[in-house]
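Taking it in order: structure first as structure tokens, then the write-up.
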There are 2 protein chains.
Amino acid sequence: MRSYSEYCAVAKSLDVVGDRWTLLIVRELTLRDACRYTDLRNGLPGIASNLLAERLRDLEAAGVVAREDAPPPVATTLFRLTPRGEELRPLIDELMRWGLPLMTEQSPDDAVRSHWLAGALDLMTVDRQSKGPPVTLELQIGDQPIALKLHDGAIETGLGPVENPDATLSGPPRSVLGLLLGLLELAEAEAGGVSYRGDPAILDRVGAKPMAATAPS
Amino acid sequence: MRSYSEYCAVAKSLDVVGDRWTLLIVRELTLRDACRYTDLRNGLPGIASNLLAERLRDLEAAGVVAREDAPPPVATTLFRLTPRGEELRPLIDELMRWGLPLMTEQSPDDAVRSHWLAGALDLMTVDRQSKGPPVTLELQIGDQPIALKLHDGAIETGLGPVENPDATLSGPPRSVLGLLLGLLELAEAEAGGVSYRGDPAILDRVGAKPMAATAPS
DNA sequence: CAGCATCCGCTTTGATACTG
DNA sequence: CAGTATCAAAGCGGATGCTG
């Protein structure tokens, strides 16, 4: 991207990460750690192959991403955030926070990936019953199941199947999210195509994280 | 901008604010409150006039910016962030934080505006002598003076001249910033073209804000 | 003068095909 | 798997002109 040529910290940041696709590449690497080129392509549906290659080169030159040769058994190239790249995590979190209200609009041709949603849930939900017994909830949305482990007031999110979940939840992502964040009642969500199996009390434990106090200006 | 068509909060945010110039427009409005079209142009050197108009229309449609007719004496249009737009402030702050290390590189054709620097100083500096008497420091960098008012461990930044400042500081922005953030000693900064008038003890009171603890993941 | 709209050459992106 | 090559379409930058 052409530099903004402004002696301003915001502009300098955008000179590095302001290109189209760039912050989504960083998102992939923050959500999934080291990725192969192919993993990145899968997590960035619609990106042109030449653009991905070019962005990775730019990010490497900027010291945000590092390329490493994977250990022997696999023998492939891995892309990983450098420490400087890791410092972009709060920025990705802010984008996620600000974008969450926009998740009420789901276009029919929106791609869905479980790790995107897991990241948002990780950031935005809590176990409201801090003294409750540990329970696990499996969400069937996106390209793979999402595991929610509730314990001690926190929710740990993970990808992949859960053995013997205490409850399972599936349906249109929009409705599943609305239900988990407390914007929809179970009955409404079910009318919206959600299917839930398990004790409804478990669902009630999941809620939106209270907003952090506004940062001191 | 073309939508990323991803059902992901980060992508949804970038669908709204990911266009070139868009976040810099938001920066202007967060740093300077309501702006006229002309003020925005001045704060965004290099933007094409049609692009500014188009971005403002897009931001208005997205509910981020509102247009209002200014009160009688001036009778001009003002652009202002909506409450939803104000919620982007933490994002701008994060961009500023991440970009600050890049301020060590100042290209000769970088434009400089005082309010950009005042914003960064506001975010990143503290009065290290929390019990010291209130003092004011005037910086002569950019297109207008910057006032730093040190009192009770905090630094209040403002734009415009100070009457009877306790100290004044001028020179190349890069060096002035390095001096204030403690990356340069006064002697080094002076070698770099900085000129300081006042008690050196005042300078010592200004320092970089200690990093906030990493946000709980 | 403030707030745009139009035009045009240039750069970036998107889609697909191809390669070591 | 990890890219390069190609080319049309879209977006941007800069200049200029228009309107209240």
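We name chains A, B, ... following the order of the structure tokens; residues begin at 1 in each chain, and ligands are numbered from 1 as shown.
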Problem set entry | Neighbour list for stretch 57-74 of chain B as a PyMOL selection string, cut-off 10 Å, only C-alpha atoms (C1' of nucleotides), skip fewer than 3 positions in-chain | chain B and resi 1+16-17+22+25-26+29+34-36+51-54+77-88
For the residues selected in the previous step, produce a file with N, CA and C atoms as a short mmCIF file (atom, residue, chain, number, x, y, z; two decimals), in the first residue's frame.
data_model
loop_
_atom_site.label_atom_id
_atom_site.label_comp_id
_atom_site.auth_asym_id
_atom_site.auth_seq_id
_atom_site.Cartn_x
_atom_site.Cartn_y
_atom_site.Cartn_z
N MET B 1 -15.89 -0.47 -0.20
CA MET B 1 -15.04 -1.68 -0.30
C MET B 1 -15.91 -2.92 -0.48
N VAL B 16 -16.70 -2.27 7.47
CA VAL B 16 -17.16 -0.90 7.71
C VAL B 16 -16.00 0.11 7.73
N VAL B 17 -14.93 -0.23 8.43
CA VAL B 17 -13.85 0.74 8.61
C VAL B 17 -12.53 0.33 7.96
N THR B 22 -10.39 5.47 5.80
CA THR B 22 -11.54 5.50 6.70
C THR B 22 -11.12 5.66 8.16
N ILE B 25 -9.95 9.09 8.99
CA ILE B 25 -11.06 10.03 9.18
C ILE B 25 -11.59 9.91 10.60
N VAL B 26 -11.74 8.67 11.05
CA VAL B 26 -12.20 8.46 12.43
C VAL B 26 -11.18 9.03 13.42
N LEU B 29 -11.72 12.68 13.78
CA LEU B 29 -12.91 13.02 14.55
C LEU B 29 -12.76 12.67 16.03
N ALA B 34 -16.00 17.53 16.53
CA ALA B 34 -16.69 17.88 15.29
C ALA B 34 -15.76 18.65 14.35
N CYS B 35 -15.80 18.30 13.08
CA CYS B 35 -14.93 18.92 12.09
C CYS B 35 -15.73 19.37 10.87
N ARG B 36 -15.26 20.44 10.28
CA ARG B 36 -15.79 20.81 8.97
C ARG B 36 -15.08 19.98 7.90
N LEU B 51 -12.80 11.21 -2.63
CA LEU B 51 -12.74 10.08 -1.69
C LEU B 51 -13.23 10.49 -0.32
N LEU B 52 -12.82 11.68 0.13
CA LEU B 52 -13.28 12.13 1.44
C LEU B 52 -14.80 12.21 1.47
N ALA B 53 -15.37 12.78 0.42
CA ALA B 53 -16.83 12.89 0.37
C ALA B 53 -17.47 11.50 0.39
N GLU B 54 -16.90 10.59 -0.39
CA GLU B 54 -17.48 9.25 -0.47
C GLU B 54 -17.37 8.52 0.87
N THR B 77 -21.42 22.94 7.59
CA THR B 77 -21.74 21.56 7.98
C THR B 77 -20.65 21.03 8.90
N LEU B 78 -21.07 20.35 9.95
CA LEU B 78 -20.10 19.72 10.83
C LEU B 78 -20.26 18.21 10.78
N PHE B 79 -19.14 17.51 10.83
CA PHE B 79 -19.17 16.06 10.90
C PHE B 79 -18.74 15.64 12.29
N ARG B 80 -19.48 14.69 12.83
CA ARG B 80 -19.23 14.30 14.21
C ARG B 80 -19.43 12.79 14.33
N LEU B 81 -18.70 12.17 15.27
CA LEU B 81 -18.91 10.75 15.52
C LEU B 81 -20.23 10.54 16.24
N THR B 82 -20.95 9.52 15.88
CA THR B 82 -22.12 9.10 16.64
C THR B 82 -21.62 8.32 17.86
N PRO B 83 -22.51 7.98 18.79
CA PRO B 83 -22.08 7.13 19.91
C PRO B 83 -21.43 5.83 19.42
N ARG B 84 -21.99 5.25 18.41
CA ARG B 84 -21.40 4.04 17.84
C ARG B 84 -19.99 4.33 17.30
N GLY B 85 -19.83 5.49 16.71
CA GLY B 85 -18.52 5.88 16.22
C GLY B 85 -17.54 6.12 17.36
N GLU B 86 -18.03 6.68 18.46
CA GLU B 86 -17.15 6.91 19.62
C GLU B 86 -16.58 5.60 20.13
N GLU B 87 -17.31 4.53 19.93
CA GLU B 87 -16.83 3.22 20.39
C GLU B 87 -15.60 2.76 19.63
N LEU B 88 -15.25 3.48 18.58
CA LEU B 88 -14.02 3.14 17.85
C LEU B 88 -12.78 3.72 18.52
#
For this session: Using only C-alpha atoms, find the residues of chain B whose closest atom to chain A is at most 6 Å away, then write them as a VMD selection string.
Result: chain B and resid 5 to 10 12 to 13 91 94 to 96 99 to 100 110 to 112 116
Keeping only all heavy atoms, write those residues as a tab-separated table (two decimals), in the first residue's frame.
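File result-v6.tsv, as written:
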chain	number	residue	atom	x	y	z
B	5	SER	N	-17.33	-10.91	3.13
B	5	SER	CA	-18.29	-12.02	3.18
B	5	SER	C	-17.84	-13.13	4.12
B	5	SER	O	-17.82	-14.30	3.74
B	5	SER	CB	-18.54	-12.59	1.78
B	5	SER	OG	-19.17	-11.63	0.98
B	6	GLU	N	-17.44	-12.74	5.30
B	6	GLU	CA	-17.11	-13.73	6.31
B	6	GLU	C	-18.00	-13.46	7.51
B	6	GLU	O	-18.19	-12.31	7.90
B	6	GLU	CB	-15.64	-13.58	6.76
B	6	GLU	CG	-14.63	-13.90	5.69
B	6	GLU	CD	-13.19	-13.84	6.21
B	6	GLU	OE1	-12.98	-13.49	7.38
B	6	GLU	OE2	-12.28	-14.16	5.41
B	7	TYR	N	-18.52	-14.52	8.10
B	7	TYR	CA	-19.31	-14.35	9.30
B	7	TYR	C	-18.35	-14.34	10.50
B	7	TYR	O	-18.24	-15.31	11.24
B	7	TYR	CB	-20.36	-15.46	9.43
B	7	TYR	CG	-21.36	-15.18	10.51
B	7	TYR	CD1	-22.21	-14.08	10.42
B	7	TYR	CD2	-21.44	-15.97	11.64
B	7	TYR	CE1	-23.11	-13.80	11.41
B	7	TYR	CE2	-22.34	-15.70	12.64
B	7	TYR	CZ	-23.18	-14.60	12.52
B	7	TYR	OH	-24.08	-14.30	13.52
B	8	CYS	N	-17.65	-13.24	10.61
B	8	CYS	CA	-16.61	-13.06	11.63
B	8	CYS	C	-16.62	-11.60	12.06
B	8	CYS	O	-16.70	-10.70	11.23
B	8	CYS	CB	-15.25	-13.41	11.05
B	8	CYS	SG	-13.85	-12.74	12.01
B	9	ALA	N	-16.54	-11.38	13.37
B	9	ALA	CA	-16.66	-10.03	13.89
B	9	ALA	C	-15.54	-9.12	13.38
B	9	ALA	O	-15.77	-7.93	13.10
B	9	ALA	CB	-16.66	-10.05	15.42
B	10	VAL	N	-14.34	-9.65	13.25
B	10	VAL	CA	-13.23	-8.84	12.76
B	10	VAL	C	-13.51	-8.41	11.32
B	10	VAL	O	-13.36	-7.24	10.95
B	10	VAL	CB	-11.90	-9.61	12.84
B	10	VAL	CG1	-10.76	-8.78	12.28
B	10	VAL	CG2	-11.61	-10.03	14.27
B	12	LYS	N	-16.38	-8.24	9.84
B	12	LYS	CA	-17.52	-7.33	9.79
B	12	LYS	C	-17.08	-5.90	10.12
B	12	LYS	O	-17.54	-4.93	9.52
B	12	LYS	CB	-18.62	-7.77	10.76
B	12	LYS	CG	-19.29	-9.08	10.41
B	12	LYS	CD	-20.36	-8.91	9.35
B	12	LYS	CE	-21.06	-10.22	9.02
B	12	LYS	NZ	-21.81	-10.16	7.75
B	13	SER	N	-16.19	-5.77	11.10
B	13	SER	CA	-15.66	-4.44	11.42
B	13	SER	C	-14.94	-3.86	10.21
B	13	SER	O	-15.15	-2.71	9.84
B	13	SER	CB	-14.67	-4.52	12.58
B	13	SER	OG	-15.33	-4.68	13.81
B	91	LEU	N	-10.09	1.43	19.53
B	91	LEU	CA	-9.39	0.89	18.36
B	91	LEU	C	-8.33	1.87	17.87
B	91	LEU	O	-7.19	1.49	17.59
B	91	LEU	CB	-10.40	0.61	17.24
B	91	LEU	CG	-9.84	-0.06	16.00
B	91	LEU	CD1	-9.46	-1.50	16.30
B	91	LEU	CD2	-10.83	0.00	14.85
B	94	GLU	N	-5.46	1.77	20.18
B	94	GLU	CA	-4.59	0.61	19.96
B	94	GLU	C	-3.69	0.82	18.74
B	94	GLU	O	-2.52	0.44	18.75
B	94	GLU	CB	-5.43	-0.66	19.75
B	94	GLU	CG	-5.79	-1.39	21.03
B	94	GLU	CD	-4.58	-1.65	21.91
B	94	GLU	OE1	-3.49	-1.97	21.39
B	94	GLU	OE2	-4.72	-1.53	23.13
B	95	LEU	N	-4.24	1.40	17.71
B	95	LEU	CA	-3.42	1.68	16.53
B	95	LEU	C	-2.31	2.67	16.89
B	95	LEU	O	-1.18	2.57	16.41
B	95	LEU	CB	-4.28	2.25	15.40
B	95	LEU	CG	-5.12	1.23	14.64
B	95	LEU	CD1	-6.17	1.91	13.79
B	95	LEU	CD2	-4.23	0.35	13.76
B	96	MET	N	-2.66	3.61	17.75
B	96	MET	CA	-1.66	4.61	18.15
B	96	MET	C	-0.56	3.96	18.97
B	96	MET	O	0.62	4.21	18.74
B	96	MET	CB	-2.37	5.70	18.97
B	96	MET	CG	-1.82	7.08	18.75
B	96	MET	SD	-2.67	8.28	19.79
B	96	MET	CE	-4.14	8.60	18.87
B	99	GLY	N	1.61	1.79	16.80
B	99	GLY	CA	2.38	2.55	15.83
B	99	GLY	C	3.47	3.41	16.45
B	99	GLY	O	4.39	3.84	15.75
B	100	LEU	N	3.39	3.62	17.75
B	100	LEU	CA	4.36	4.52	18.37
B	100	LEU	C	5.81	4.11	18.12
B	100	LEU	O	6.64	4.97	17.78
B	100	LEU	CB	4.07	4.65	19.87
B	100	LEU	CG	4.55	5.99	20.44
B	100	LEU	CD1	3.65	7.12	19.97
B	100	LEU	CD2	4.64	5.94	21.94
B	110	ASP	N	6.98	13.21	5.30
B	110	ASP	CA	5.86	12.98	6.21
B	110	ASP	C	5.26	14.32	6.61
B	110	ASP	O	5.97	15.22	7.06
B	110	ASP	CB	6.33	12.26	7.47
B	110	ASP	CG	6.42	10.75	7.28
B	110	ASP	OD1	6.06	10.27	6.19
B	110	ASP	OD2	6.87	10.07	8.21
B	111	ALA	N	3.96	14.43	6.49
B	111	ALA	CA	3.28	15.61	7.01
B	111	ALA	C	3.24	15.52	8.53
B	111	ALA	O	3.28	14.43	9.09
B	111	ALA	CB	1.86	15.68	6.45
B	112	VAL	N	3.21	16.66	9.18
B	112	VAL	CA	3.15	16.70	10.65
B	112	VAL	C	1.99	17.59	11.07
B	112	VAL	O	1.83	18.69	10.54
B	112	VAL	CB	4.47	17.26	11.24
B	112	VAL	CG1	4.41	17.27	12.75
B	112	VAL	CG2	5.66	16.44	10.77
B	116	TRP	N	-2.06	15.23	16.02
B	116	TRP	CA	-1.70	13.80	15.99
B	116	TRP	C	-0.75	13.49	17.13
B	116	TRP	O	-0.86	12.47	17.80
B	116	TRP	CB	-1.01	13.41	14.68
B	116	TRP	CG	-1.78	13.69	13.44
B	116	TRP	CD1	-3.13	13.83	13.33
B	116	TRP	CD2	-1.25	13.83	12.11
B	116	TRP	NE1	-3.47	14.07	12.03
B	116	TRP	CE2	-2.34	14.07	11.26
B	116	TRP	CE3	0.04	13.78	11.57
B	116	TRP	CZ2	-2.18	14.27	9.89
B	116	TRP	CZ3	0.19	13.96	10.21
B	116	TRP	CH2	-0.91	14.21	9.37
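Residues from chain D that have an atom within 12 Å of chain B, counting only C-alpha atoms (C1' of nucleotides), are DA10, DG11, DC12, DG13, DG14, DA15, DT16 and DG20 of chain D.
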Problem set entry | Å distance separating atom CA of A:Gly193 from atom CA of A:Gly158, one decimal place | 23.8 Å
Exercise. Taking the backbone alone, and naming residues the way the document does, which bits of stretch 16-175 of chain B are strand (DSSP E) by DSSP, as a PyMOL selection string?
Worked result: chain B and resi 65-69+77-81+125-127+135-140+146-151+154-159+167-170
Exercise. Quick one: residues within 9 Å of A:Leu181, only C-alpha atoms (C1' of nucleotides) counted, chain neighbours fewer than 3 positions away excluded, as a list in words?
Worked result: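 Answer for this query is Leu121, Met124, Thr125, Val176, Leu177, Gly178, Leu184, Val206, Gly207, Ala208 and Lys209 of chain A.
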Hey, which bits of chain C sit within 10 Å of chain A, and for each residue what's the closest pair of atoms and how far apart in Å (one decimal), counting only C-alpha atoms (C1' of nucleotides), rows by chain and increasing number, as JSON lines?
{"residue": "C:DT11", "atom": "C1'", "partner": "A:Arg2", "partner_atom": "CA", "distance": 9.4}
{"residue": "C:DT12", "atom": "C1'", "partner": "A:Met1", "partner_atom": "CA", "distance": 8.3}
{"residue": "C:DT13", "atom": "C1'", "partner": "A:Leu51", "partner_atom": "CA", "distance": 8.1}
{"residue": "C:DG14", "atom": "C1'", "partner": "A:Ala48", "partner_atom": "CA", "distance": 6.3}
{"residue": "C:DA15", "atom": "C1'", "partner": "A:Ala48", "partner_atom": "CA", "distance": 7.3}
{"residue": "C:DT16", "atom": "C1'", "partner": "A:Ala48", "partner_atom": "CA", "distance": 9.4}
Just-selected residues, N, CA and C atoms (P, O5', C5', C4', C3', O3' and C1' of nucleotides) written as a short mmCIF file (atom, residue, chain, number, x, y, z; two decimals), in the first residue's frame:
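Final output, selection.cif:
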data_model
loop_
_atom_site.label_atom_id
_atom_site.label_comp_id
_atom_site.auth_asym_id
_atom_site.auth_seq_id
_atom_site.Cartn_x
_atom_site.Cartn_y
_atom_site.Cartn_z
P DT C 11 1.66 3.50 -11.67
"O5'" DT C 11 0.79 2.79 -10.52
"C5'" DT C 11 0.29 3.58 -9.43
"C4'" DT C 11 -0.61 2.73 -8.58
"C3'" DT C 11 -0.02 1.38 -8.18
"O3'" DT C 11 -0.20 1.25 -6.79
"C1'" DT C 11 -2.16 1.08 -9.13
P DT C 12 0.28 -0.03 -5.94
"O5'" DT C 12 -1.07 -0.84 -5.68
"C5'" DT C 12 -2.19 -0.14 -5.16
"C4'" DT C 12 -3.38 -1.07 -5.13
"C3'" DT C 12 -3.09 -2.46 -4.58
"O3'" DT C 12 -4.02 -2.69 -3.53
"C1'" DT C 12 -4.26 -2.60 -6.64
P DT C 13 -4.14 -4.08 -2.78
"O5'" DT C 13 -5.29 -4.83 -3.60
"C5'" DT C 13 -6.56 -4.23 -3.72
"C4'" DT C 13 -7.47 -5.08 -4.58
"C3'" DT C 13 -7.62 -6.53 -4.14
"O3'" DT C 13 -9.00 -6.77 -3.93
"C1'" DT C 13 -7.21 -6.39 -6.47
P DG C 14 -9.54 -8.21 -3.50
"O5'" DG C 14 -9.87 -8.89 -4.90
"C5'" DG C 14 -10.88 -8.32 -5.72
"C4'" DG C 14 -11.33 -9.31 -6.78
"C3'" DG C 14 -11.53 -10.74 -6.30
"O3'" DG C 14 -12.68 -11.25 -6.98
"C1'" DG C 14 -9.85 -10.69 -7.99
P DA C 15 -13.21 -12.71 -6.71
"O5'" DA C 15 -12.66 -13.52 -7.97
"C5'" DA C 15 -13.01 -13.10 -9.28
"C4'" DA C 15 -12.37 -14.03 -10.29
"C3'" DA C 15 -12.37 -15.51 -9.87
"O3'" DA C 15 -12.98 -16.27 -10.90
"C1'" DA C 15 -10.20 -14.82 -10.51
P DT C 16 -13.15 -17.86 -10.75
"O5'" DT C 16 -11.99 -18.41 -11.67
"C5'" DT C 16 -11.67 -17.73 -12.89
"C4'" DT C 16 -10.31 -18.17 -13.39
"C3'" DT C 16 -10.02 -19.67 -13.24
"O3'" DT C 16 -9.87 -20.24 -14.54
"C1'" DT C 16 -8.15 -18.35 -12.66
#
Exercise. Which polymer residues have any atom within 8 Å of an atom of C:DA2, counting only C-alpha atoms (C1' of nucleotides), with same-chain residues fewer than 3 positions away left out, as number ranges by chain?
Worked result: B: 37-38, 76
Would you save the residues from that selection as a compact mmCIF listing (two decimals), in the first residue's frame, using all heavy atoms?
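Result went into result-v3.txt, see below:
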# COMPACT_ATOMS: atom_id res chain seq x y z
N TYR B 37 -15.66 19.93 6.76
CA TYR B 37 -15.05 19.23 5.63
C TYR B 37 -13.62 19.72 5.43
O TYR B 37 -12.68 18.93 5.26
CB TYR B 37 -15.88 19.50 4.38
CG TYR B 37 -15.53 18.67 3.18
CD1 TYR B 37 -16.10 17.42 2.99
CD2 TYR B 37 -14.65 19.15 2.22
CE1 TYR B 37 -15.79 16.67 1.86
CE2 TYR B 37 -14.33 18.41 1.10
CZ TYR B 37 -14.91 17.16 0.93
OH TYR B 37 -14.60 16.42 -0.18
N THR B 38 -13.46 21.00 5.49
CA THR B 38 -12.14 21.60 5.27
C THR B 38 -11.14 21.21 6.36
O THR B 38 -9.96 21.00 6.06
CB THR B 38 -12.28 23.13 5.24
OG1 THR B 38 -13.38 23.44 4.38
CG2 THR B 38 -11.03 23.78 4.72
N THR B 76 -22.09 26.27 8.76
CA THR B 76 -21.40 25.31 7.92
C THR B 76 -21.80 23.92 8.38
O THR B 76 -22.41 23.74 9.43
CB THR B 76 -19.87 25.51 8.00
OG1 THR B 76 -19.25 24.58 7.15
CG2 THR B 76 -19.39 25.33 9.42
For this session: Report the residues of stretch 26-204 of chain A whose backbone DSSP state falls under alpha helix (DSSP H), written as a PyMOL selection string.
Result: chain A and resi 26-32+37-43+49-61+83-86+89-99+114-124+173-180+186-191+200-204
Do a neighbour search on B:Glu138 at 6 Å with only C-alpha atoms (C1' of nucleotides), toss out local chain neighbours closer than 2 positions, and write the hits as an mmCIF file with C-alpha atoms, in the first residue's frame.
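To be explicit, this is the file written out as part-v6.cif:
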data_model
loop_
_atom_site.group_PDB
_atom_site.id
_atom_site.type_symbol
_atom_site.label_atom_id
_atom_site.label_comp_id
_atom_site.auth_asym_id
_atom_site.auth_seq_id
_atom_site.Cartn_x
_atom_site.Cartn_y
_atom_site.Cartn_z
ATOM 1 C CA ILE B 146 1.183 21.895 22.057
ATOM 2 C CA ALA B 147 0.623 22.553 25.737
ATOM 3 C CA THR B 168 9.546 25.388 25.842
#
